[in-house]
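*Asks:* Just one file: entry-v6.cif, with mmCIF, N, CA and C atoms.
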```cif
data_final
#
loop_
_atom_site.label_atom_id
_atom_site.label_comp_id
_atom_site.auth_asym_id
_atom_site.auth_seq_id
_atom_site.Cartn_x
_atom_site.Cartn_y
_atom_site.Cartn_z
N MET A 70 119.18 130.77 63.62
CA MET A 70 118.91 132.12 63.18
C MET A 70 117.42 132.31 62.89
N LYS A 71 116.83 131.32 62.17
CA LYS A 71 115.41 131.42 61.87
C LYS A 71 114.58 131.38 63.16
N ARG A 72 115.06 130.58 64.10
CA ARG A 72 114.33 130.47 65.36
C ARG A 72 114.41 131.78 66.15
N LEU A 73 115.55 132.42 66.16
CA LEU A 73 115.73 133.70 66.83
C LEU A 73 114.84 134.76 66.19
N PHE A 74 114.79 134.77 64.87
CA PHE A 74 113.95 135.71 64.14
C PHE A 74 112.47 135.48 64.48
N GLY A 75 112.06 134.25 64.59
CA GLY A 75 110.69 133.90 64.95
C GLY A 75 110.35 134.36 66.36
N LEU A 76 111.30 134.19 67.28
CA LEU A 76 111.09 134.63 68.65
C LEU A 76 110.96 136.15 68.72
N LEU A 77 111.76 136.86 67.97
CA LEU A 77 111.68 138.32 67.96
C LEU A 77 110.33 138.81 67.42
N ILE A 78 109.86 138.19 66.37
CA ILE A 78 108.56 138.57 65.80
C ILE A 78 107.44 138.24 66.79
N SER A 79 107.53 137.07 67.41
CA SER A 79 106.51 136.69 68.41
C SER A 79 106.50 137.68 69.57
N GLY A 80 107.68 138.04 70.03
CA GLY A 80 107.78 139.01 71.13
C GLY A 80 107.19 140.36 70.75
N ALA A 81 107.45 140.78 69.52
CA ALA A 81 106.91 142.06 69.06
C ALA A 81 105.39 142.02 69.00
N LEU A 82 104.84 140.92 68.53
CA LEU A 82 103.37 140.79 68.45
C LEU A 82 102.73 140.79 69.83
N ILE A 83 103.36 140.10 70.76
CA ILE A 83 102.82 140.04 72.13
C ILE A 83 102.89 141.42 72.77
N ALA A 84 104.00 142.10 72.60
CA ALA A 84 104.14 143.44 73.17
C ALA A 84 103.15 144.41 72.54
N GLY A 85 102.93 144.30 71.26
CA GLY A 85 101.97 145.16 70.57
C GLY A 85 100.55 144.94 71.05
N SER A 86 100.18 143.70 71.28
CA SER A 86 98.82 143.42 71.76
C SER A 86 98.64 143.91 73.19
N GLY A 87 99.69 143.89 73.98
CA GLY A 87 99.62 144.43 75.34
C GLY A 87 99.38 145.92 75.33
N GLY A 88 99.98 146.61 74.39
CA GLY A 88 99.76 148.05 74.26
C GLY A 88 98.32 148.36 73.90
N THR A 89 97.72 147.52 73.08
CA THR A 89 96.32 147.71 72.70
C THR A 89 95.43 147.55 73.91
N ALA A 90 95.74 146.57 74.76
CA ALA A 90 94.94 146.37 75.97
C ALA A 90 95.04 147.57 76.89
N LEU A 91 96.23 148.14 77.02
CA LEU A 91 96.40 149.33 77.85
C LEU A 91 95.62 150.51 77.27
N ALA A 92 95.63 150.64 75.96
CA ALA A 92 94.90 151.73 75.32
C ALA A 92 93.40 151.59 75.57
N GLN A 93 92.89 150.36 75.55
CA GLN A 93 91.46 150.15 75.81
C GLN A 93 91.12 150.47 77.25
N GLN A 94 92.00 150.14 78.17
CA GLN A 94 91.76 150.45 79.57
C GLN A 94 91.76 151.95 79.80
N SER A 95 92.70 152.66 79.20
CA SER A 95 92.74 154.11 79.39
C SER A 95 91.55 154.76 78.71
N ASN A 96 91.08 154.19 77.58
CA ASN A 96 89.90 154.71 76.91
C ASN A 96 88.68 154.55 77.82
N SER A 97 88.59 153.42 78.50
CA SER A 97 87.50 153.18 79.45
C SER A 97 87.58 154.18 80.60
N ARG A 98 88.77 154.46 81.05
CA ARG A 98 88.96 155.41 82.15
C ARG A 98 88.54 156.81 81.72
N VAL A 99 88.86 157.17 80.48
CA VAL A 99 88.47 158.49 79.97
C VAL A 99 86.95 158.61 79.92
N LYS A 100 86.29 157.56 79.45
CA LYS A 100 84.82 157.56 79.41
C LYS A 100 84.24 157.75 80.80
N GLN A 101 84.80 157.04 81.78
CA GLN A 101 84.30 157.13 83.15
C GLN A 101 84.56 158.53 83.70
N ASP A 102 85.70 159.11 83.36
CA ASP A 102 85.99 160.48 83.82
C ASP A 102 84.96 161.46 83.27
N PHE A 103 84.59 161.31 82.00
CA PHE A 103 83.59 162.20 81.41
C PHE A 103 82.23 162.00 82.09
N LYS A 104 81.90 160.76 82.42
CA LYS A 104 80.64 160.51 83.12
C LYS A 104 80.66 161.19 84.49
N ASP A 105 81.79 161.07 85.19
CA ASP A 105 81.90 161.70 86.51
C ASP A 105 81.79 163.22 86.42
N VAL A 106 82.41 163.78 85.39
CA VAL A 106 82.32 165.23 85.19
C VAL A 106 80.87 165.65 84.96
N GLY A 107 80.15 164.88 84.16
CA GLY A 107 78.74 165.18 83.90
C GLY A 107 77.90 165.11 85.17
N LYS A 108 78.15 164.10 85.99
CA LYS A 108 77.41 163.96 87.25
C LYS A 108 77.71 165.11 88.20
N ASN A 109 78.98 165.49 88.29
CA ASN A 109 79.36 166.59 89.17
C ASN A 109 78.77 167.91 88.69
N THR A 110 78.73 168.09 87.38
CA THR A 110 78.14 169.31 86.82
C THR A 110 76.64 169.36 87.15
N ARG A 111 75.99 168.23 87.04
CA ARG A 111 74.55 168.15 87.36
C ARG A 111 74.31 168.51 88.82
N LYS A 112 75.13 167.95 89.72
CA LYS A 112 74.98 168.24 91.14
C LYS A 112 75.20 169.72 91.43
N ALA A 113 76.20 170.31 90.80
CA ALA A 113 76.49 171.73 91.01
C ALA A 113 75.35 172.60 90.49
N ALA A 114 74.79 172.24 89.35
CA ALA A 114 73.69 173.01 88.78
C ALA A 114 72.45 172.93 89.69
N LYS A 115 72.18 171.75 90.23
CA LYS A 115 71.04 171.60 91.12
C LYS A 115 71.24 172.43 92.40
N ALA A 116 72.45 172.39 92.95
CA ALA A 116 72.73 173.15 94.17
C ALA A 116 72.60 174.65 93.91
N THR A 117 73.09 175.09 92.77
CA THR A 117 72.98 176.51 92.43
C THR A 117 71.52 176.91 92.26
N GLY A 118 70.75 176.07 91.59
CA GLY A 118 69.33 176.36 91.40
C GLY A 118 68.58 176.45 92.72
N LYS A 119 68.87 175.54 93.64
CA LYS A 119 68.22 175.57 94.94
C LYS A 119 68.58 176.84 95.71
N THR A 120 69.84 177.23 95.66
CA THR A 120 70.28 178.44 96.35
C THR A 120 69.61 179.67 95.77
N ILE A 121 69.54 179.74 94.46
CA ILE A 121 68.88 180.88 93.82
C ILE A 121 67.41 180.92 94.20
N TRP A 122 66.77 179.77 94.21
CA TRP A 122 65.34 179.71 94.55
C TRP A 122 65.11 180.21 95.98
N LYS A 123 65.93 179.74 96.93
CA LYS A 123 65.78 180.16 98.33
C LYS A 123 66.03 181.65 98.50
N THR A 124 67.07 182.15 97.86
CA THR A 124 67.42 183.57 97.98
C THR A 124 66.33 184.44 97.36
N THR A 125 65.83 184.04 96.22
CA THR A 125 64.76 184.80 95.56
C THR A 125 63.53 184.84 96.44
N LYS A 126 63.20 183.72 97.04
CA LYS A 126 62.04 183.67 97.93
C LYS A 126 62.21 184.63 99.11
N LYS A 127 63.39 184.65 99.70
CA LYS A 127 63.66 185.56 100.83
C LYS A 127 63.52 187.01 100.40
N VAL A 128 64.08 187.35 99.25
CA VAL A 128 64.04 188.73 98.77
C VAL A 128 62.60 189.16 98.47
N VAL A 129 61.84 188.29 97.85
CA VAL A 129 60.45 188.62 97.53
C VAL A 129 59.65 188.82 98.82
N ASN A 130 59.85 187.95 99.79
CA ASN A 130 59.13 188.09 101.06
C ASN A 130 59.53 189.37 101.80
N MET A 131 60.80 189.72 101.77
CA MET A 131 61.24 190.96 102.40
C MET A 131 60.62 192.17 101.70
N GLY A 132 60.55 192.12 100.38
CA GLY A 132 59.93 193.21 99.62
C GLY A 132 58.45 193.33 99.93
N ALA A 133 57.78 192.19 100.08
CA ALA A 133 56.35 192.20 100.40
C ALA A 133 56.11 192.79 101.78
N LYS A 134 56.98 192.44 102.74
CA LYS A 134 56.84 192.99 104.09
C LYS A 134 57.05 194.50 104.08
N ALA A 135 58.05 194.97 103.35
CA ALA A 135 58.31 196.40 103.27
C ALA A 135 57.16 197.13 102.60
N THR A 136 56.59 196.54 101.58
CA THR A 136 55.45 197.15 100.89
C THR A 136 54.25 197.21 101.82
N SER A 137 54.03 196.15 102.57
CA SER A 137 52.92 196.11 103.52
C SER A 137 53.10 197.17 104.60
N LYS A 138 54.32 197.32 105.07
CA LYS A 138 54.62 198.33 106.10
C LYS A 138 54.33 199.73 105.55
N GLY A 139 54.79 199.99 104.33
CA GLY A 139 54.54 201.30 103.70
C GLY A 139 53.06 201.54 103.48
N ALA A 140 52.33 200.50 103.09
CA ALA A 140 50.89 200.64 102.87
C ALA A 140 50.17 200.93 104.18
N ASP A 141 50.63 200.31 105.27
CA ASP A 141 50.02 200.56 106.58
C ASP A 141 50.24 202.02 107.00
N LYS A 142 51.44 202.55 106.77
CA LYS A 142 51.72 203.94 107.10
C LYS A 142 50.83 204.90 106.32
N VAL A 143 50.65 204.59 105.05
CA VAL A 143 49.80 205.45 104.22
C VAL A 143 48.35 205.37 104.70
N GLN A 144 47.92 204.19 105.07
CA GLN A 144 46.55 204.01 105.54
C GLN A 144 46.32 204.77 106.84
N GLU A 145 47.31 204.75 107.75
CA GLU A 145 47.19 205.48 109.00
C GLU A 145 47.12 206.99 108.77
N LYS A 146 47.88 207.49 107.82
CA LYS A 146 47.91 208.92 107.55
C LYS A 146 46.63 209.40 106.90
N THR A 147 45.94 208.53 106.20
CA THR A 147 44.73 208.96 105.50
C THR A 147 43.48 208.86 106.37
N LYS A 148 43.59 208.39 107.58
CA LYS A 148 42.42 208.28 108.43
C LYS A 148 41.99 209.61 108.97
#
```
In structure tokens, what does this structure look like?
*Replies:*
Amino acid sequence: MKRLFGLLISGALIAGSGGTALAQQSNSRVKQDFKDVGKNTRKAAKATGKTIWKTTKKVVNMGAKATSKGADKVQEKTK
């Protein structure tokens, strides 16, 4: 009886320590997931910034061309 009781307690301790190991592994996985989310957010922000920069440049150049065209028309009319 004492031996059976000892085996049950030993089994419970071993099972409990295994659960702790699983919890540490899942905790590590959660940390890695957060790191991956941060990296993906950084990549998305950089891509968005580049797109905005390119689009802004195009719009400014188009506006400058239109202004130049209008200025040329005014210059021709004033001659």
*Asks:* Need the axis-aligned box for range 120-136 of chain A with 5 Å each side, so what are the centre and edges in Å to one decimal, as AutoDock Vina command-line options?
*Replies:*
```
--center_x 62.3 --center_y 187.2 --center_z 99.0 --size_x 26.0 --size_y 30.0 --size_z 20.3
```
*Asks:* What does the distance between CA of Asp141 in chain A and CA of Trp122 in chain A come to in Å, to one decimal place?
*Replies:*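 Distance between the two atoms: 28.5 Å.
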*Asks:* What separation in Å, quoted to one decimal, exists between CA of Arg111 in chain A and CA of Asn96 in chain A?
*Replies:*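 Answer for the CA of Arg111 in chain A to CA of Asn96 in chain A separation: 22.9 Å.
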